[in-house]
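Student: File run25.txt below, compact mmCIF, C-alpha atoms:
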```
# COMPACT_ATOMS: atom_id res chain seq x y z
CA MET A 1 39.36 -25.77 92.80
CA HIS A 2 35.80 -24.99 93.66
CA SER A 3 32.69 -26.97 94.47
CA THR A 4 29.29 -26.62 92.88
CA SER A 5 27.76 -28.68 95.68
CA THR A 6 29.00 -29.80 99.07
CA THR A 7 25.83 -31.41 100.38
CA ALA A 8 23.67 -34.26 99.19
CA VAL A 9 21.01 -33.36 96.63
CA PRO A 10 17.97 -35.21 95.25
CA ALA A 11 18.63 -37.54 92.33
CA THR A 12 16.66 -35.26 90.04
CA LEU A 13 19.22 -32.52 90.69
CA ALA A 14 22.26 -34.77 90.48
CA ALA A 15 22.38 -34.66 86.68
CA ALA A 16 25.01 -31.96 86.87
CA ARG A 17 26.08 -29.93 83.84
CA CYS A 18 29.51 -28.35 84.10
CA SER A 19 31.30 -25.43 82.57
CA HIS A 20 34.80 -26.03 81.24
CA LEU A 21 37.64 -24.35 83.04
CA GLY A 22 41.16 -23.59 81.85
CA PRO A 23 43.94 -26.16 81.37
CA GLY A 24 44.82 -27.99 84.58
CA ALA A 25 41.77 -26.83 86.51
CA ILE A 26 39.60 -29.37 88.30
CA GLU A 27 35.92 -28.69 88.75
CA ILE A 28 33.96 -30.49 91.43
CA LEU A 29 30.56 -31.34 90.02
CA TYR A 30 29.17 -32.82 93.23
CA GLY A 31 30.32 -33.51 96.76
CA ASP A 32 29.02 -34.95 100.02
CA ALA A 33 30.36 -36.93 102.98
CA ALA A 34 30.66 -40.11 100.91
CA LEU A 35 32.00 -39.06 97.52
CA LEU A 36 33.24 -36.39 95.14
CA VAL A 37 32.51 -36.22 91.42
CA VAL A 38 34.95 -34.16 89.35
CA ASN A 39 35.60 -33.12 85.77
CA LYS A 40 39.13 -34.31 84.99
CA PRO A 41 40.97 -32.12 82.49
CA ALA A 42 42.79 -33.69 79.56
CA GLY A 43 46.55 -34.02 80.06
CA LEU A 44 46.44 -34.71 83.81
CA LEU A 45 47.22 -38.12 85.32
CA ALA A 46 44.52 -39.61 87.55
CA VAL A 47 47.14 -41.02 89.97
CA PRO A 48 50.91 -40.52 90.33
CA GLY A 49 53.11 -42.15 87.71
CA ARG A 50 56.71 -43.29 87.81
CA GLY A 51 59.29 -40.53 88.09
CA GLU A 52 59.43 -37.13 89.73
CA ASP A 53 57.90 -35.47 86.67
CA LYS A 54 54.71 -37.58 87.02
CA GLN A 55 53.76 -36.79 90.61
CA ASP A 56 51.28 -34.02 89.80
CA CYS A 57 47.92 -35.73 89.35
CA LEU A 58 44.20 -35.40 89.96
CA SER A 59 44.14 -37.49 93.14
CA ARG A 60 46.82 -35.39 94.84
CA ARG A 61 45.24 -32.10 93.82
CA VAL A 62 41.89 -33.21 95.22
CA GLN A 63 43.48 -34.62 98.39
CA ALA A 64 45.05 -31.23 99.07
CA GLU A 65 41.52 -30.00 99.79
CA PHE A 66 39.86 -33.30 100.77
CA PRO A 67 42.49 -35.52 102.48
CA ASP A 68 40.14 -38.53 102.69
CA ALA A 69 39.48 -38.61 98.92
CA LEU A 70 40.43 -41.95 97.34
CA ILE A 71 40.51 -43.01 93.71
CA VAL A 72 37.85 -45.53 92.64
CA HIS A 73 38.47 -45.71 88.89
CA ARG A 74 40.71 -43.96 86.37
CA LEU A 75 40.63 -42.12 83.09
CA ASP A 76 43.61 -42.10 80.73
CA MET A 77 45.89 -39.09 81.15
CA HIS A 78 44.70 -37.55 77.87
CA THR A 79 41.00 -38.30 78.41
CA SER A 80 38.82 -35.68 80.08
CA GLY A 81 35.50 -35.98 81.86
CA VAL A 82 33.52 -37.31 84.79
CA LEU A 83 35.40 -39.21 87.49
CA VAL A 84 34.24 -40.21 91.00
CA LEU A 85 36.38 -40.37 94.15
CA ALA A 86 35.34 -41.94 97.44
CA ARG A 87 35.52 -40.25 100.84
CA GLY A 88 37.23 -42.88 103.01
CA LYS A 89 38.01 -46.57 102.62
CA GLU A 90 34.52 -47.94 103.23
CA MET A 91 32.97 -45.72 100.56
CA GLN A 92 35.85 -46.67 98.26
CA ARG A 93 35.09 -50.36 98.80
CA ARG A 94 31.40 -49.90 98.05
CA LEU A 95 31.97 -47.82 94.93
CA SER A 96 34.72 -50.12 93.68
CA SER A 97 32.31 -53.05 94.03
CA GLN A 98 29.83 -51.32 91.72
CA PHE A 99 32.53 -50.89 89.07
CA ALA A 100 33.72 -54.48 89.47
CA GLU A 101 30.17 -55.82 89.13
CA ARG A 102 29.47 -53.57 86.10
CA GLN A 103 26.71 -51.68 87.87
CA VAL A 104 28.05 -48.30 86.72
CA ASN A 105 26.83 -46.78 83.47
CA LYS A 106 29.50 -44.92 81.48
CA ARG A 107 29.16 -42.93 78.27
CA TYR A 108 31.91 -41.27 76.24
CA VAL A 109 32.02 -38.93 73.26
CA ALA A 110 34.81 -39.12 70.69
CA LEU A 111 35.82 -37.56 67.37
CA VAL A 112 37.23 -40.18 65.01
CA ALA A 113 38.69 -40.30 61.53
CA GLY A 114 36.47 -41.29 58.63
CA ARG A 115 32.85 -42.29 58.20
CA LEU A 116 31.61 -45.51 59.78
CA SER A 117 29.70 -47.89 57.55
CA ALA A 118 26.97 -48.47 60.15
CA ALA A 119 25.07 -45.91 62.21
CA SER A 120 25.52 -48.05 65.32
CA GLY A 121 27.08 -51.32 66.32
CA GLU A 122 29.36 -53.25 68.65
CA ILE A 123 33.11 -53.84 68.65
CA ASP A 124 33.81 -57.22 70.22
CA LEU A 125 37.58 -57.72 70.17
CA PRO A 126 39.71 -59.23 73.00
CA LEU A 127 42.53 -57.04 74.26
CA SER A 128 45.87 -57.59 76.00
CA ALA A 129 49.02 -55.65 76.82
CA ASP A 130 51.44 -55.13 73.93
CA TRP A 131 54.45 -55.85 76.16
CA PRO A 132 57.26 -54.86 73.75
CA ARG A 133 55.52 -51.51 73.22
CA ARG A 134 54.08 -50.77 76.65
CA PRO A 135 51.89 -48.91 77.55
CA ARG A 136 50.23 -49.83 74.27
CA GLN A 137 47.49 -52.44 74.20
CA LYS A 138 46.55 -54.67 71.28
CA VAL A 139 43.83 -56.88 69.87
CA ASP A 140 44.80 -60.42 70.89
CA PRO A 141 42.45 -63.23 69.75
CA LEU A 142 44.44 -65.88 71.64
CA ALA A 143 45.34 -64.39 75.03
CA GLY A 144 43.25 -61.22 75.14
CA LYS A 145 40.52 -60.54 77.69
CA PRO A 146 36.94 -60.19 76.39
CA SER A 147 36.29 -56.53 75.53
CA LEU A 148 33.05 -55.03 74.23
CA THR A 149 32.23 -51.49 73.10
CA ARG A 150 28.92 -50.18 71.74
CA TYR A 151 28.91 -47.16 69.47
CA GLN A 152 26.46 -44.79 67.84
CA VAL A 153 27.30 -42.24 65.17
CA LEU A 154 26.05 -38.82 66.29
CA SER A 155 27.21 -36.85 63.25
CA HIS A 156 29.64 -36.80 60.33
CA ASP A 157 31.48 -33.82 58.86
CA PRO A 158 32.17 -34.44 55.16
CA THR A 159 34.55 -31.48 55.02
CA THR A 160 36.95 -32.79 57.67
CA GLN A 161 36.00 -36.45 57.18
CA ARG A 162 35.50 -36.85 60.90
CA SER A 163 32.67 -38.50 62.81
CA ARG A 164 31.33 -37.79 66.28
CA LEU A 165 30.54 -40.96 68.22
CA LEU A 166 28.73 -41.91 71.39
CA LEU A 167 30.64 -44.77 73.03
CA VAL A 168 29.52 -47.17 75.76
CA PRO A 169 32.26 -49.50 77.07
CA LEU A 170 30.65 -52.64 78.50
CA THR A 171 34.03 -53.78 79.79
CA GLY A 172 36.79 -51.62 81.27
CA ARG A 173 40.05 -52.66 79.65
CA THR A 174 43.04 -50.32 79.47
CA HIS A 175 42.80 -48.08 76.38
CA GLN A 176 39.76 -50.08 75.28
CA LEU A 177 38.00 -47.35 73.30
CA ARG A 178 41.19 -46.18 71.64
CA VAL A 179 42.28 -49.66 70.53
CA HIS A 180 38.81 -50.77 69.45
CA LEU A 181 38.31 -47.74 67.22
CA LEU A 182 41.78 -48.09 65.76
CA ALA A 183 41.06 -51.75 65.03
CA ILE A 184 38.00 -50.92 62.91
CA GLY A 185 39.90 -48.24 60.99
CA HIS A 186 38.62 -45.13 62.77
CA PRO A 187 41.29 -43.91 65.23
CA ILE A 188 40.39 -41.16 67.68
CA ILE A 189 41.57 -37.73 66.58
CA GLY A 190 44.54 -36.45 68.57
CA ASP A 191 45.65 -39.89 69.76
CA ALA A 192 49.44 -39.61 69.77
CA LEU A 193 49.86 -43.20 70.97
CA TYR A 194 47.64 -45.02 68.48
CA GLY A 195 46.63 -42.50 65.84
CA ARG A 196 48.21 -41.47 62.57
CA ALA A 197 50.57 -38.48 62.54
CA GLU A 198 48.31 -36.40 60.32
CA LEU A 199 45.46 -36.84 62.83
CA THR A 200 47.46 -35.47 65.75
CA ALA A 201 49.38 -32.60 64.14
CA THR A 202 46.51 -30.10 64.29
CA ASN A 203 45.02 -31.20 67.64
CA THR A 204 46.30 -30.33 71.08
CA ARG A 205 44.49 -33.16 72.85
CA LEU A 206 42.91 -36.59 72.53
CA MET A 207 39.32 -36.08 71.40
CA LEU A 208 37.83 -38.45 73.96
CA HIS A 209 35.63 -37.31 76.85
CA ALA A 210 33.81 -39.20 79.61
CA GLU A 211 30.45 -37.47 79.35
CA VAL A 212 28.13 -39.46 81.63
CA LEU A 213 28.61 -41.48 84.81
CA ALA A 214 25.65 -43.06 86.63
CA PHE A 215 25.73 -45.23 89.75
CA ALA A 216 24.08 -45.78 93.13
CA HIS A 217 25.12 -43.58 96.04
CA PRO A 218 27.37 -45.78 98.22
CA ALA A 219 25.68 -44.76 101.47
CA SER A 220 22.01 -44.24 100.55
CA ALA A 221 21.72 -46.31 97.34
CA GLN A 222 20.09 -43.26 95.76
CA PRO A 223 20.54 -43.27 91.96
CA LEU A 224 22.93 -40.57 90.77
CA ARG A 225 23.67 -39.49 87.20
CA PHE A 226 26.26 -36.90 86.19
CA LEU A 227 26.50 -35.25 82.79
CA CYS A 228 29.44 -33.13 81.66
CA PRO A 229 29.26 -32.34 77.92
CA ALA A 230 32.39 -32.68 75.81
CA PRO A 231 34.35 -29.44 75.31
CA PHE A 232 34.90 -30.23 71.62
```
Translate the structure described by the file into structure tokens.
Tutor:
Amino acid sequence: MHSTSTTAVPATLAAARCSHLGPGAIEILYGDAALLVVNKPAGLLAVPGRGEDKQDCLSRRVQAEFPDALIVHRLDMHTSGVLVLARGKEMQRRLSSQFAERQVNKRYVALVAGRLSAASGEIDLPLSADWPRRPRQKVDPLAGKPSLTRYQVLSHDPTTQRSRLLLVPLTGRTHQLRVHLLAIGHPIIGDALYGRAELTATNTRLMLHAEVLAFAHPASAQPLRFLCPAPF
């Protein structure tokens, strides 16, 4: 693990671009006394799971170097990209409040099957846990929680019949982007949980990446924006 910055920097310099390291590596995009921003690799849990085989995770790897680092939000195990950790409980409380009050701007990039009929739009479908098939989630018009995703088509490859999308989740439900795209007939490539078998056979990972995270610094209120382009 290495750090590209260990001191506070002006907001104009905080739009960090990262290089992509090998499998399992964690790159620190930014660090100061209040927070750390990292590039989570695909295939690594954000926090420990159940069982001895699920104890290796991003939070523990970071805490080995920064013992006061605390998780504020999560990315799915198979999703890569920008994730922020707090330094200490007070900074965790302040950052968590920004997420809870939807003051954090998040942007994802995904490769999906097929060609969308509209160049941009919204997916407004309530979601809930699919209890018999946990950890799967499902569209649930009766008991689901309101869930909203905006999308924009960035490109389409007619040869592979895949589209590259920009995704903005306006709510933060579990597996929201994956379930919403599946529901409109365009599952994310490489999604072993929700996708079709032929869409996962030739891909080693879920093609979903948290590209941008923007929020206010929890100590100074300085606006910060971090950009880590998708490695696919």
Student: Write out as a PyMOL selection string the residues lying within 9 Å of Leu58 of chain A, counting all atoms listed in the file and excluding same-chain residues fewer than 2 positions away.
Tutor: chain A and resi 26+40-41+44-48+56+60-63
Student: Which value, in Å to one decimal, gives the distance between atom CA of His175 of chain A and atom CA of Ser128 of chain A?
Tutor: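 Computing the Euclidean distance for atom CA of His175 of chain A and atom CA of Ser128 of chain A yields 10.0 Å.
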Student: Between A:Thr204, A:Ser155, A:Gln161, A:Thr149, which has the minimum distance to Gln176 of chain A (counting all atoms listed in the file)?
Tutor: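 Of the candidates, the smallest distance to Gln176 of chain A is held by A:Thr149.
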Student: Go through A:Leu125, A:Ala100, A:Leu35, A:Leu208 one by one, measure the shortest atom-to-atom distance of each to Ala86 of chain A using all atoms listed in the file, and give the residue with the smallest value.
Tutor: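 When distances to Ala86 of chain A are compared using all atoms listed in the file, the smallest one comes from A:Leu35.
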Student: Name the residues, using the chain letters and numbers of the file, that sit within 12 Å of (33.7, -36.9, 58.4) when counting all atoms listed in the file, and give them as a list in words.
Tutor: Leu111, Val112, Ala113, Gly114, Arg115, Leu116, Ser117, Val153, Leu154, Ser155, His156, Asp157, Pro158, Thr159, Thr160, Gln161, Arg162, Ser163, Arg164, Leu165, His186 and Ile189 of chain A
Student: Report, in Å to a single decimal, how far apart atom CA of Phe99 of chain A and atom CA of Pro135 of chain A are.
Tutor: 22.6 Å
Student: What's the separation between atom CA of Glu27 of chain A and atom CA of Pro223 of chain A, in Å to one decimal place?
Tutor: 21.4 Å
Student: Given all atoms listed in the file as the basis, pick out the residue of A:Arg178, A:Arg74, A:Arg150, A:Arg107 nearest to Gln137 of chain A.
Tutor: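 Checking each of A:Arg178, A:Arg74, A:Arg150, A:Arg107 against Gln137 of chain A, counting all atoms listed in the file, the winner is A:Arg178.
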Student: Which of these, A:Ala64, A:Ile123, A:Ala214, A:Ala143, has the shortest distance to Gly185 of chain A once you count only C-alpha atoms?
Tutor: A:Ile123
Student: May I ask which of the residues A:Ala34, A:Ala42, A:Ala183, A:Leu193 is the closest one to Lys89 of chain A, counting only C-alpha atoms?
Tutor: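 Among A:Ala34, A:Ala42, A:Ala183, A:Leu193, it is A:Ala34 that comes nearest to Lys89 of chain A.
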Student: Once 5 Å is added on each side, what centre and edge lengths in Å to one decimal does the axis-aligned box around all listed atoms of segment 79-86 of chain A have, as lines of an AutoDock Vina configuration file?
Tutor:
```
center_x = 37.3
center_y = -38.8
center_z = 87.9
size_x = 17.5
size_y = 16.3
size_z = 29.0
```
Student: Choose the residue, out of A:Asp191, A:Asp32, A:Leu148, A:Glu65, that has the smallest atom-to-atom separation from His78 of chain A; count only C-alpha atoms.
Tutor: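 Checking each of A:Asp191, A:Asp32, A:Leu148, A:Glu65 against His78 of chain A, counting only C-alpha atoms, the winner is A:Asp191.
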Student: With only C-alpha atoms as the counted atoms, please give the residues lying no more than 8 Å from Phe215 of chain A, apart from itself and same-chain residues fewer than 3 positions off, as an MDAnalysis selection string.
Tutor: chainID A and resid 98 103:105 223:225
Student: Quick one: residues within 7 Å of Asp140 of chain A, all atoms listed in the file counted, chain neighbours fewer than 2 positions away excluded, as a count of residues only?
Tutor: 7
